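Dumped model_10.txt below, it's compact mmCIF, C-alpha atoms:
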```txt
# COMPACT_ATOMS: atom_id res chain seq x y z
CA MET A 1399 0.00 0.00 0.00
CA GLN A 1400 1.40 3.39 -1.02
CA LYS A 1401 2.55 5.53 1.89
CA VAL A 1402 1.11 9.02 2.24
CA ALA A 1403 3.25 11.92 3.49
CA LEU A 1404 2.21 15.47 4.35
CA ILE A 1405 4.82 18.24 4.25
CA THR A 1406 4.20 21.65 5.78
CA GLY A 1407 6.45 24.27 4.25
CA ILE A 1408 6.63 22.34 0.99
CA THR A 1409 7.30 25.50 -1.03
CA GLY A 1410 10.55 26.16 0.85
CA GLN A 1411 14.05 24.91 0.16
CA ASP A 1412 13.80 21.82 2.39
CA GLY A 1413 10.21 21.09 1.42
CA SER A 1414 11.04 20.95 -2.27
CA TYR A 1415 14.02 18.61 -1.79
CA LEU A 1416 12.06 16.40 0.61
CA ALA A 1417 9.13 16.17 -1.82
CA GLU A 1418 11.51 15.03 -4.57
CA PHE A 1419 13.09 12.44 -2.31
CA LEU A 1420 9.78 11.03 -1.06
CA LEU A 1421 8.48 10.74 -4.61
CA GLU A 1422 11.58 8.70 -5.43
CA GLN A 1423 10.68 6.41 -2.51
CA GLY A 1424 7.21 5.84 -3.97
CA TYR A 1425 5.19 8.06 -1.62
CA ALA A 1426 2.02 9.96 -2.38
CA VAL A 1427 3.21 13.45 -1.44
CA HIS A 1428 0.90 16.18 -0.20
CA GLY A 1429 1.94 19.70 0.69
CA MET A 1430 0.32 22.25 2.97
CA VAL A 1431 0.30 25.85 1.74
CA ARG A 1432 -1.09 29.05 3.21
CA ARG A 1433 -3.75 31.06 1.42
CA ALA A 1434 -2.08 34.13 -0.09
CA SER A 1435 -2.90 36.74 -2.72
CA THR A 1436 0.35 35.89 -4.49
CA GLU A 1437 1.74 32.37 -4.69
CA ASN A 1438 5.39 31.41 -4.91
CA PHE A 1439 5.70 27.84 -6.14
CA GLU A 1440 9.00 28.33 -7.98
CA ARG A 1441 10.86 25.64 -6.01
CA ILE A 1442 8.20 22.98 -6.66
CA GLN A 1443 7.07 24.02 -10.14
CA HIS A 1444 8.89 21.04 -11.65
CA LEU A 1445 6.86 18.71 -9.41
CA LYS A 1446 3.51 19.94 -10.70
CA GLY A 1447 1.19 17.01 -11.36
CA ARG A 1448 3.21 14.71 -9.06
CA ILE A 1449 2.30 16.30 -5.72
CA LYS A 1450 -0.97 17.64 -4.35
CA LEU A 1451 -1.26 20.95 -2.50
CA HIS A 1452 -3.83 21.80 0.17
CA GLN A 1453 -4.66 25.05 1.92
CA ALA A 1454 -4.29 25.10 5.69
CA ASP A 1455 -2.47 27.25 8.23
CA LEU A 1456 -0.29 26.69 11.30
CA LEU A 1457 -2.28 29.47 12.97
CA ASP A 1458 -5.61 27.71 12.38
CA GLN A 1459 -6.08 24.56 14.44
CA LEU A 1460 -9.30 23.50 12.72
CA SER A 1461 -7.75 23.65 9.26
CA LEU A 1462 -4.95 21.34 10.44
CA VAL A 1463 -7.35 18.83 11.97
CA ARG A 1464 -9.46 18.76 8.82
CA LEU A 1465 -6.40 18.28 6.59
CA VAL A 1466 -5.03 15.40 8.67
CA GLU A 1467 -8.49 13.78 8.71
CA GLN A 1468 -8.79 14.14 4.94
CA LEU A 1469 -5.36 12.76 4.01
CA GLN A 1470 -4.79 10.18 6.78
CA PRO A 1471 -1.00 10.30 6.20
CA GLN A 1472 1.44 7.84 7.70
CA GLU A 1473 4.07 10.59 8.06
CA ILE A 1474 3.97 14.34 8.65
CA TYR A 1475 7.03 16.56 8.21
CA ASN A 1476 6.68 19.97 9.85
CA LEU A 1477 9.06 22.24 7.95
CA ALA A 1478 6.90 25.38 7.99
CA ALA A 1479 8.11 28.25 10.18
CA GLN A 1480 9.13 31.89 10.23
CA SER A 1481 12.70 30.79 9.62
CA PHE A 1482 14.74 33.93 8.92
CA VAL A 1483 16.62 34.80 12.11
CA PRO A 1484 16.89 38.61 11.63
CA THR A 1485 13.13 38.85 11.04
CA SER A 1486 12.50 37.19 14.39
CA TRP A 1487 13.69 40.35 16.17
CA GLU A 1488 11.38 42.47 14.01
CA GLN A 1489 8.40 40.10 14.44
CA PRO A 1490 8.98 38.11 17.64
CA LEU A 1491 5.28 37.44 18.33
CA LEU A 1492 4.58 36.16 14.83
CA THR A 1493 7.72 34.02 15.01
CA GLY A 1494 6.44 32.51 18.25
CA GLU A 1495 3.01 31.79 16.77
CA PHE A 1496 4.37 29.97 13.72
CA THR A 1497 7.67 28.51 14.86
CA ALA A 1498 6.69 27.55 18.43
CA LEU A 1499 2.92 27.22 18.85
CA GLY A 1500 2.49 26.03 15.27
CA VAL A 1501 4.30 22.84 16.26
CA THR A 1502 1.85 22.26 19.10
CA ARG A 1503 -1.09 22.71 16.75
CA VAL A 1504 0.22 20.06 14.34
CA LEU A 1505 0.97 17.65 17.18
CA GLU A 1506 -2.48 18.22 18.66
CA ALA A 1507 -4.10 17.57 15.28
CA ILE A 1508 -2.21 14.27 15.07
CA ARG A 1509 -3.21 13.34 18.63
CA GLN A 1510 -6.87 14.03 17.90
CA VAL A 1511 -7.05 12.30 14.52
CA ASN A 1512 -4.56 9.43 14.71
CA PRO A 1513 -1.73 9.26 17.30
CA LYS A 1514 -0.03 6.55 15.21
CA ILE A 1515 1.02 9.08 12.55
CA ARG A 1516 4.79 9.57 12.60
CA PHE A 1517 5.86 13.19 13.06
CA TYR A 1518 9.09 14.99 12.15
CA GLN A 1519 9.87 18.41 13.62
CA ALA A 1520 12.49 20.65 12.03
CA SER A 1521 14.63 21.75 14.96
CA SER A 1522 17.64 24.02 14.46
CA SER A 1523 21.24 24.48 15.51
CA GLU A 1524 20.22 28.05 16.44
CA MET A 1525 18.85 26.49 19.63
CA PHE A 1526 22.44 26.11 20.86
CA GLY A 1527 23.13 29.84 20.44
CA ARG A 1528 25.84 30.70 22.94
CA VAL A 1529 27.38 27.27 22.68
CA GLN A 1530 28.31 25.47 25.89
CA GLU A 1531 30.55 22.87 24.24
CA GLU A 1532 32.01 22.12 20.85
CA PRO A 1533 31.00 20.29 18.81
CA GLN A 1534 27.34 20.26 19.77
CA THR A 1535 25.57 16.94 20.30
CA GLU A 1536 22.05 15.80 21.14
CA ARG A 1537 22.91 16.35 24.83
CA THR A 1538 24.39 19.85 24.57
CA ARG A 1539 22.54 22.50 26.57
CA PHE A 1540 20.41 24.95 24.59
CA TRP A 1541 21.10 28.68 24.93
CA PRO A 1542 19.22 30.42 22.09
CA ARG A 1543 20.26 33.95 21.11
CA SER A 1544 17.30 35.08 19.00
CA PRO A 1545 13.49 34.94 19.16
CA TYR A 1546 13.75 32.37 16.36
CA GLY A 1547 16.09 30.19 18.41
CA VAL A 1548 13.83 30.48 21.47
CA ALA A 1549 10.79 29.49 19.40
CA LYS A 1550 12.66 26.49 17.99
CA VAL A 1551 13.56 25.36 21.52
CA TYR A 1552 9.86 25.39 22.40
CA GLY A 1553 9.02 23.42 19.25
CA HIS A 1554 11.73 20.91 20.09
CA TRP A 1555 10.63 20.32 23.67
CA ILE A 1556 6.91 20.20 22.91
CA THR A 1557 7.73 17.43 20.43
CA VAL A 1558 9.58 15.54 23.18
CA ASN A 1559 6.66 16.18 25.54
CA TYR A 1560 4.03 14.75 23.17
CA ARG A 1561 6.27 11.74 22.54
CA GLU A 1562 6.57 11.05 26.24
CA SER A 1563 3.02 12.02 27.22
CA TYR A 1564 1.05 10.28 24.48
CA ASP A 1565 3.44 7.56 23.26
CA MET A 1566 3.62 9.22 19.84
CA PHE A 1567 6.35 8.65 17.28
CA ALA A 1568 7.46 12.28 17.27
CA VAL A 1569 11.09 13.21 16.60
CA SER A 1570 13.19 16.31 16.02
CA GLY A 1571 16.08 16.67 13.64
CA ILE A 1572 18.53 19.25 14.98
CA LEU A 1573 19.76 20.37 11.58
CA PHE A 1574 22.76 22.63 11.28
CA ASN A 1575 22.92 25.19 8.46
CA HIS A 1576 22.03 23.59 5.15
CA GLU A 1577 22.05 25.46 1.86
CA SER A 1578 21.44 24.99 -1.85
CA PRO A 1579 20.71 26.94 -5.03
CA ARG A 1580 17.10 27.03 -3.77
CA ARG A 1581 18.01 28.93 -0.59
CA GLY A 1582 16.21 32.26 -0.15
CA ARG A 1583 18.26 35.32 -1.08
CA GLU A 1584 17.83 36.81 2.39
CA PHE A 1585 20.12 34.11 3.85
CA VAL A 1586 23.80 35.02 3.92
CA THR A 1587 25.11 32.17 1.75
CA ARG A 1588 22.67 32.86 -1.07
CA ARG A 1589 23.08 36.60 -0.59
CA ILE A 1590 26.76 36.08 -1.26
CA THR A 1591 26.48 33.76 -4.27
CA HIS A 1592 23.70 35.84 -5.82
CA GLY A 1593 25.74 39.01 -5.31
CA VAL A 1594 28.88 37.45 -6.75
CA ALA A 1595 27.02 36.40 -9.89
CA ARG A 1596 25.50 39.86 -10.38
CA ILE A 1597 28.88 41.54 -9.90
CA LYS A 1598 30.46 39.15 -12.40
CA HIS A 1599 27.89 40.14 -15.04
CA GLY A 1600 27.97 43.86 -14.30
CA LEU A 1601 24.54 44.01 -12.67
CA GLN A 1602 25.90 45.45 -9.40
CA GLN A 1603 29.22 46.66 -8.06
CA LYS A 1604 29.25 46.05 -4.31
CA LEU A 1605 28.03 43.40 -1.86
CA ARG A 1606 26.99 44.51 1.64
CA LEU A 1607 27.64 41.97 4.39
CA GLY A 1608 27.76 41.87 8.19
CA ASN A 1609 29.94 39.74 10.45
CA LEU A 1610 32.48 37.86 8.31
CA ASP A 1611 33.95 36.09 11.34
CA ALA A 1612 30.80 34.16 12.30
CA GLN A 1613 31.37 30.43 11.84
CA ARG A 1614 28.81 27.82 10.86
CA ASP A 1615 28.57 24.14 9.99
CA TRP A 1616 27.25 24.27 6.40
CA GLY A 1617 25.91 21.28 4.48
CA PHE A 1618 23.76 20.57 1.41
CA ALA A 1619 19.98 20.60 1.92
CA GLY A 1620 19.54 17.70 -0.50
CA ASP A 1621 21.63 15.52 1.83
CA TYR A 1622 19.82 16.65 4.97
CA VAL A 1623 16.26 15.83 3.87
CA LYS A 1624 17.29 12.18 3.55
CA ALA A 1625 18.08 12.20 7.26
CA MET A 1626 14.57 13.47 8.00
CA TRP A 1627 13.08 10.48 6.27
CA MET A 1628 15.53 8.06 7.90
CA MET A 1629 14.47 9.25 11.36
CA LEU A 1630 10.86 8.27 10.69
CA GLN A 1631 11.86 4.78 9.50
CA GLN A 1632 13.43 3.76 12.83
CA GLU A 1633 11.81 1.33 15.26
CA GLU A 1634 12.01 3.79 18.16
CA PRO A 1635 11.70 7.60 18.06
CA GLN A 1636 14.98 9.43 18.66
CA ASP A 1637 16.22 12.98 18.10
CA TYR A 1638 19.38 13.44 16.03
CA VAL A 1639 21.93 16.14 15.23
CA ILE A 1640 22.42 16.41 11.47
CA ALA A 1641 25.64 18.22 10.51
CA THR A 1642 28.95 17.90 8.68
CA GLY A 1643 31.23 18.26 11.71
CA GLU A 1644 33.15 21.05 9.96
CA LYS A 1645 32.83 24.78 10.56
CA HIS A 1646 33.67 27.58 8.17
CA SER A 1647 33.49 31.35 8.50
CA VAL A 1648 31.34 33.67 6.42
CA ARG A 1649 34.67 35.01 5.14
CA GLU A 1650 35.47 31.54 3.75
CA VAL A 1651 32.11 31.46 1.95
CA VAL A 1652 32.99 34.84 0.42
CA GLU A 1653 36.47 33.66 -0.62
CA VAL A 1654 35.23 30.45 -2.28
CA ALA A 1655 32.33 32.21 -4.01
CA PHE A 1656 34.35 35.08 -5.48
CA ALA A 1657 37.16 32.74 -6.49
CA ARG A 1658 34.68 30.58 -8.39
CA ALA A 1659 33.70 33.65 -10.42
CA GLY A 1660 37.32 34.72 -10.90
CA LEU A 1661 36.96 37.87 -8.78
CA ASN A 1662 38.82 39.41 -5.84
CA TRP A 1663 36.33 39.72 -3.01
CA GLU A 1664 38.14 42.60 -1.33
CA ASP A 1665 37.35 44.81 -4.35
CA HIS A 1666 33.60 44.37 -3.87
CA VAL A 1667 32.60 43.54 -0.27
CA VAL A 1668 31.42 46.34 2.02
CA ILE A 1669 30.93 45.66 5.74
CA SER A 1670 27.71 47.16 7.17
CA GLU A 1671 27.21 47.19 10.92
CA ASP A 1672 23.43 47.30 10.47
CA LEU A 1673 23.66 43.69 9.21
CA TYR A 1674 25.09 42.48 12.53
CA ARG A 1675 22.71 40.61 14.85
CA PRO A 1676 21.62 42.19 18.17
CA ALA A 1677 22.91 39.04 19.91
CA GLU A 1678 25.45 37.21 17.75
CA VAL A 1679 25.91 33.46 17.52
CA ASN A 1680 29.64 33.30 16.91
CA THR A 1681 30.14 29.62 16.16
CA LEU A 1682 28.15 26.44 15.56
CA CYS A 1683 29.54 23.00 14.74
CA GLY A 1684 27.61 19.75 15.03
CA ASP A 1685 28.57 16.21 15.94
CA CYS A 1686 26.44 13.80 13.88
CA SER A 1687 28.08 10.64 15.23
CA LEU A 1688 24.77 9.27 16.51
CA ALA A 1689 23.10 9.76 13.13
CA LYS A 1690 26.00 8.03 11.38
CA GLN A 1691 25.89 5.13 13.82
CA GLU A 1692 22.13 4.56 14.09
CA LEU A 1693 20.75 5.94 10.81
CA GLY A 1694 23.69 5.21 8.55
CA TRP A 1695 23.53 8.83 7.39
CA GLU A 1696 26.42 11.08 6.47
CA PRO A 1697 26.79 14.16 4.25
CA GLU A 1698 27.91 13.68 0.65
CA VAL A 1699 28.46 17.23 -0.64
CA SER A 1700 31.50 19.11 0.70
CA PHE A 1701 31.53 22.78 1.75
CA LYS A 1702 33.48 23.88 -1.32
CA GLU A 1703 31.26 21.84 -3.66
CA LEU A 1704 28.18 23.38 -2.06
CA ILE A 1705 29.26 27.00 -2.46
CA GLU A 1706 30.50 26.42 -6.00
CA MET A 1707 27.21 24.71 -6.89
CA MET A 1708 25.32 27.78 -5.67
CA VAL A 1709 27.61 30.20 -7.50
CA ASP A 1710 27.30 28.25 -10.77
CA HIS A 1711 23.51 28.34 -10.50
CA ASP A 1712 23.46 32.08 -9.82
CA LEU A 1713 25.99 32.82 -12.57
CA GLU A 1714 23.66 31.17 -15.08
CA ARG A 1715 20.68 33.19 -13.87
CA ALA A 1716 22.65 36.45 -13.78
CA ALA A 1717 23.85 35.85 -17.36
CA GLN A 1718 20.25 35.48 -18.46
CA GLU A 1719 19.28 38.69 -16.66
CA ALA A 1720 22.19 40.59 -18.20
CA SER A 1721 21.26 39.30 -21.64
CA ARG A 1722 17.66 40.47 -21.20
CA GLN A 1723 18.81 43.93 -20.18
CA GLN A 1724 21.04 44.22 -23.24
CA THR A 1725 18.12 43.48 -25.57
CA LEU A 1726 15.89 46.16 -24.04
```
Write the structure described by the file as structure tokens, please.
Amino acid sequence: MQKVALITGITGQDGSYLAEFLLEQGYAVHGMVRRASTENFERIQHLKGRIKLHQADLLDQLSLVRLVEQLQPQEIYNLAAQSFVPTSWEQPLLTGEFTALGVTRVLEAIRQVNPKIRFYQASSSEMFGRVQEEPQTERTRFWPRSPYGVAKVYGHWITVNYRESYDMFAVSGILFNHESPRRGREFVTRRITHGVARIKHGLQQKLRLGNLDAQRDWGFAGDYVKAMWMMLQQEEPQDYVIATGEKHSVREVVEVAFARAGLNWEDHVVISEDLYRPAEVNTLCGDCSLAKQELGWEPEVSFKELIEMMVDHDLERAAQEASRQQTL
């Protein structure tokens, strides 16, 4: 019998890669989308006709219950959130509603309709914030440094609570930074690769960035969604850190990206203090030993391959844009 999966946040980077992967595994894939006056389905446009989309909202409990009742999925992946860290300072209440309480609403819908549904929650390395040890493991203390990180901690622990209170198969993947050509341009990695490509093709001259010394553990989103699925195939529910075990600075991202385009980054990068965070997370680096041991998962795409993949994608798009401008 064909398995049915429901993905919230299917239009995002992770949702699109996960939908592709689940289709490859033979699933019937359904995605939850919010009602909006303008729709952005760019990341899943190539999946049209292979997935089904349904309107519901993490702020509307009844819509979630009705959707779960209608689909009766075996697995639910909760990837929807207000996920851009800087915005969480501008909209802390909205971030809490979506990224924290939204998790509770999905879990409660599962509990009411069918507690046997397996649930995946997208936790985040931002929960570690002011890190208490390095590298960070499943047992490292959380110390979030943004409203987003705080909301993710709530989502993580409410998932644990429902697992322990109602004997539900509910797990969290503590994913460290994962990027791809489908990453939103507001995120620093894509901001860099997009800017590099535009500079290369004469569409802009400078790239404004904040803290170049911040260090992160960056991996490829296409690798990380496989770990999400693996977690829900285990006999017992368990939370896992998903990471590469390597950390690199924003400066290294800049160096690799500009080098790929044959440019000197120091000629184009401008440091803007307004792009610094109110409370900075200086370093994050994950230990995915447990995932390697129990899931058999490990990353396949290296840091350099990832950044160059993103630059190549953006160079192609920038070339097309430059060509269009020349014909006007």
Neighbours of range 1603-1610 of chain A within 7 Å (all atoms listed in the file; same-chain residues fewer than 2 positions away dropped), as an mmCIF file with C-alpha atoms, in the coordinates of the input?
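Result went into part29.cif, see below:
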```cif
data_model
loop_
_atom_site.group_PDB
_atom_site.id
_atom_site.type_symbol
_atom_site.label_atom_id
_atom_site.label_comp_id
_atom_site.auth_asym_id
_atom_site.auth_seq_id
_atom_site.Cartn_x
_atom_site.Cartn_y
_atom_site.Cartn_z
ATOM 1 C CA GLY A 1593 25.740 39.010 -5.310
ATOM 2 C CA ILE A 1597 28.880 41.540 -9.900
ATOM 3 C CA GLY A 1600 27.970 43.860 -14.300
ATOM 4 C CA ALA A 1612 30.800 34.160 12.300
ATOM 5 C CA SER A 1647 33.490 31.350 8.500
ATOM 6 C CA VAL A 1648 31.340 33.670 6.420
ATOM 7 C CA ARG A 1649 34.670 35.010 5.140
ATOM 8 C CA HIS A 1666 33.600 44.370 -3.870
ATOM 9 C CA VAL A 1667 32.600 43.540 -0.270
ATOM 10 C CA VAL A 1668 31.420 46.340 2.020
ATOM 11 C CA ILE A 1669 30.930 45.660 5.740
ATOM 12 C CA SER A 1670 27.710 47.160 7.170
ATOM 13 C CA GLU A 1671 27.210 47.190 10.920
ATOM 14 C CA LEU A 1673 23.660 43.690 9.210
ATOM 15 C CA TYR A 1674 25.090 42.480 12.530
#
```
Coordinates-based distance that separates CA of Leu1445 in chain A from CA of Tyr1415 in chain A (Å, one decimal):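 Taking CA of Tyr1415 in chain A as the start and CA of Leu1445 in chain A as the end point, the length is 10.5 Å.
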CA of Gln1724 in chain A to CA of Asp1710 in chain A measures 21.2 Å
Per residue of range 1510-1617 of chain A within 12 Å of range 1627-1643 of chain A, note the shortest atom pair and the distance in Å to one decimal, counting only C-alpha atoms, and order the rows by chain and increasing residue number, as CSV.
```
residue,atom,partner,partner_atom,distance
A:Lys1514,CA,A:Leu1630,CA,11.9
A:Ile1515,CA,A:Leu1630,CA,10.0
A:Arg1516,CA,A:Leu1630,CA,6.5
A:Phe1517,CA,A:Leu1630,CA,7.4
A:Tyr1518,CA,A:Leu1630,CA,7.1
A:Gln1519,CA,A:Asp1637,CA,9.5
A:Ala1520,CA,A:Asp1637,CA,10.5
A:Ser1521,CA,A:Val1639,CA,9.2
A:Ser1522,CA,A:Val1639,CA,9.0
A:Ser1523,CA,A:Val1639,CA,8.4
A:Met1525,CA,A:Val1639,CA,11.7
A:Phe1526,CA,A:Val1639,CA,11.5
A:Glu1532,CA,A:Gly1643,CA,10.0
A:Pro1533,CA,A:Gly1643,CA,7.4
A:Gln1534,CA,A:Val1639,CA,8.2
A:Thr1535,CA,A:Val1639,CA,6.3
A:Glu1536,CA,A:Val1639,CA,5.9
A:Arg1537,CA,A:Val1639,CA,9.7
A:Thr1538,CA,A:Val1639,CA,10.3
A:His1554,CA,A:Asp1637,CA,9.3
A:Trp1555,CA,A:Asp1637,CA,10.8
A:Thr1557,CA,A:Asp1637,CA,9.9
A:Val1558,CA,A:Asp1637,CA,8.7
A:Tyr1560,CA,A:Pro1635,CA,11.7
A:Arg1561,CA,A:Pro1635,CA,8.2
A:Glu1562,CA,A:Pro1635,CA,10.3
A:Asp1565,CA,A:Pro1635,CA,9.8
A:Met1566,CA,A:Pro1635,CA,8.4
A:Phe1567,CA,A:Pro1635,CA,5.5
A:Ala1568,CA,A:Pro1635,CA,6.4
A:Val1569,CA,A:Asp1637,CA,5.3
A:Ser1570,CA,A:Asp1637,CA,5.0
A:Gly1571,CA,A:Tyr1638,CA,5.2
A:Ile1572,CA,A:Val1639,CA,4.6
A:Leu1573,CA,A:Ile1640,CA,4.8
A:Phe1574,CA,A:Ala1641,CA,5.3
A:Asn1575,CA,A:Ala1641,CA,7.8
A:His1576,CA,A:Ala1641,CA,8.4
A:Glu1577,CA,A:Ala1641,CA,11.8
A:Arg1614,CA,A:Gly1643,CA,9.9
A:Asp1615,CA,A:Thr1642,CA,6.4
A:Trp1616,CA,A:Thr1642,CA,7.0
A:Gly1617,CA,A:Thr1642,CA,6.2
```
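Among A:Lys1446, A:Arg1432, A:Arg1509, A:Arg1583, the residue with the shortest atom-to-atom distance to Glu1467 in chain A, counting all atoms listed in the file, is A:Arg1509.
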Rank nothing, just name the residue among A:Lys1624, A:Arg1596, A:Lys1702, A:Lys1690 nearest to His1646 in chain A, using only C-alpha atoms.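 So, comparing all the options, the nearest one is A:Lys1702.
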Let me have the centre and edge lengths of the axis-aligned box enclosing all listed atoms of range 1702-1717 of chain A with 3 Å padding on every side, in Å to one decimal, as JSON.
```
{"center_x": 27.1, "center_y": 29.1, "center_z": -9.3, "size_x": 18.8, "size_y": 20.6, "size_z": 22.0}
```
Give me, as a Markdown table, each residue of range 1514-1554 of chain A that comes within 7 Å of range 1497-1504 of chain A, together with its shortest interatomic pair and the distance in Å at one decimal, counting all atoms listed in the file, with rows ordered by chain and rising residue number.
```
| residue | atom | partner | partner_atom | distance |
| --- | --- | --- | --- | --- |
| A:Ala1549 | CA | A:Ala1498 | CA | 4.6 |
| A:Lys1550 | CA | A:Ala1498 | CA | 6.1 |
| A:Tyr1552 | CA | A:Ala1498 | CA | 5.5 |
| A:Gly1553 | CA | A:Ala1498 | CA | 4.8 |
```
Radius query 12 Å about (9.8, 25.2, -9.5), atoms used: all atoms listed in the file, as a PyMOL selection string: chain A and resi 1408-1411+1413-1415+1417-1418+1437-1446+1579-1580
Include C-alpha atoms and write out the residues we just selected as a PDB file, keeping the file's coordinate frame.
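Written out: again_1.pdb:
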```pdb
ATOM      1  CA  ILE A1408       6.630  22.340   0.990  1.00  0.00           C
ATOM      2  CA  THR A1409       7.300  25.500  -1.030  1.00  0.00           C
ATOM      3  CA  GLY A1410      10.550  26.160   0.850  1.00  0.00           C
ATOM      4  CA  GLN A1411      14.050  24.910   0.160  1.00  0.00           C
ATOM      5  CA  GLY A1413      10.210  21.090   1.420  1.00  0.00           C
ATOM      6  CA  SER A1414      11.040  20.950  -2.270  1.00  0.00           C
ATOM      7  CA  TYR A1415      14.020  18.610  -1.790  1.00  0.00           C
ATOM      8  CA  ALA A1417       9.130  16.170  -1.820  1.00  0.00           C
ATOM      9  CA  GLU A1418      11.510  15.030  -4.570  1.00  0.00           C
ATOM     10  CA  GLU A1437       1.740  32.370  -4.690  1.00  0.00           C
ATOM     11  CA  ASN A1438       5.390  31.410  -4.910  1.00  0.00           C
ATOM     12  CA  PHE A1439       5.700  27.840  -6.140  1.00  0.00           C
ATOM     13  CA  GLU A1440       9.000  28.330  -7.980  1.00  0.00           C
ATOM     14  CA  ARG A1441      10.860  25.640  -6.010  1.00  0.00           C
ATOM     15  CA  ILE A1442       8.200  22.980  -6.660  1.00  0.00           C
ATOM     16  CA  GLN A1443       7.070  24.020 -10.140  1.00  0.00           C
ATOM     17  CA  HIS A1444       8.890  21.040 -11.650  1.00  0.00           C
ATOM     18  CA  LEU A1445       6.860  18.710  -9.410  1.00  0.00           C
ATOM     19  CA  LYS A1446       3.510  19.940 -10.700  1.00  0.00           C
ATOM     20  CA  PRO A1579      20.710  26.940  -5.030  1.00  0.00           C
ATOM     21  CA  ARG A1580      17.100  27.030  -3.770  1.00  0.00           C
TER      22      ARG A1580
END
```
In Å to one decimal, how far is CA of Val1551 in chain A from CA of Leu1460 in chain A? 24.6 Å
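With all atoms listed in the file as the basis for measurement, A:Glu1473 is the residue among A:Glu1473, A:Glu1422, A:Asp1458, A:Glu1531 that approaches Lys1401 in chain A most closely.
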Pick from A:Ala1659, A:Asp1672, A:Leu1601, A:Thr1485: nearest to Arg1722 in chain A, with all atoms listed in the file counted? A:Leu1601
Which residue of A:Thr1725, A:Thr1587, A:Asn1680, A:Asn1662 approaches Phe1618 in chain A most closely, using only C-alpha atoms: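 For Phe1618 in chain A, the nearest of the candidates is A:Thr1587.
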Would you list the contacts of Phe1656 in chain A as a ChimeraX atom specification, taking every protein, DNA or RNA residue within 9 Å and counting all atoms listed in the file, but skipping same-chain residues closer than 2 positions in sequence? /A:1590-1591,1594-1595,1598,1651-1654,1658-1663,1709
Store the residues of this selection in a file with C-alpha atoms, as a PDB file, in the coordinates of the input.
```
ATOM      1  CA  ILE A1590      26.760  36.080  -1.260  1.00  0.00           C
ATOM      2  CA  THR A1591      26.480  33.760  -4.270  1.00  0.00           C
ATOM      3  CA  VAL A1594      28.880  37.450  -6.750  1.00  0.00           C
ATOM      4  CA  ALA A1595      27.020  36.400  -9.890  1.00  0.00           C
ATOM      5  CA  LYS A1598      30.460  39.150 -12.400  1.00  0.00           C
ATOM      6  CA  VAL A1651      32.110  31.460   1.950  1.00  0.00           C
ATOM      7  CA  VAL A1652      32.990  34.840   0.420  1.00  0.00           C
ATOM      8  CA  GLU A1653      36.470  33.660  -0.620  1.00  0.00           C
ATOM      9  CA  VAL A1654      35.230  30.450  -2.280  1.00  0.00           C
ATOM     10  CA  ARG A1658      34.680  30.580  -8.390  1.00  0.00           C
ATOM     11  CA  ALA A1659      33.700  33.650 -10.420  1.00  0.00           C
ATOM     12  CA  GLY A1660      37.320  34.720 -10.900  1.00  0.00           C
ATOM     13  CA  LEU A1661      36.960  37.870  -8.780  1.00  0.00           C
ATOM     14  CA  ASN A1662      38.820  39.410  -5.840  1.00  0.00           C
ATOM     15  CA  TRP A1663      36.330  39.720  -3.010  1.00  0.00           C
ATOM     16  CA  VAL A1709      27.610  30.200  -7.500  1.00  0.00           C
TER      17      VAL A1709
END
```
With all atoms listed in the file as the atoms that count, which of A:Gly1447, A:Pro1513, A:Pro1545, A:Gly1429 lies nearest to Thr1493 in chain A?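 Once distances to Thr1493 in chain A are computed over all atoms listed in the file, the minimum belongs to A:Pro1545.
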Around (4.5, 15.8, -3.7), as given in the file, which residues come within 6 Å? Count only C-alpha atoms and list them as an mmCIF file with C-alpha atoms, in the frame of the given file.
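Result went into selection-v4.cif, see below:
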```cif
data_model
loop_
_atom_site.group_PDB
_atom_site.id
_atom_site.type_symbol
_atom_site.label_atom_id
_atom_site.label_comp_id
_atom_site.auth_asym_id
_atom_site.auth_seq_id
_atom_site.Cartn_x
_atom_site.Cartn_y
_atom_site.Cartn_z
ATOM 1 C CA ALA A 1417 9.130 16.170 -1.820
ATOM 2 C CA VAL A 1427 3.210 13.450 -1.440
ATOM 3 C CA HIS A 1428 0.900 16.180 -0.200
ATOM 4 C CA ARG A 1448 3.210 14.710 -9.060
ATOM 5 C CA ILE A 1449 2.300 16.300 -5.720
ATOM 6 C CA LYS A 1450 -0.970 17.640 -4.350
#
```
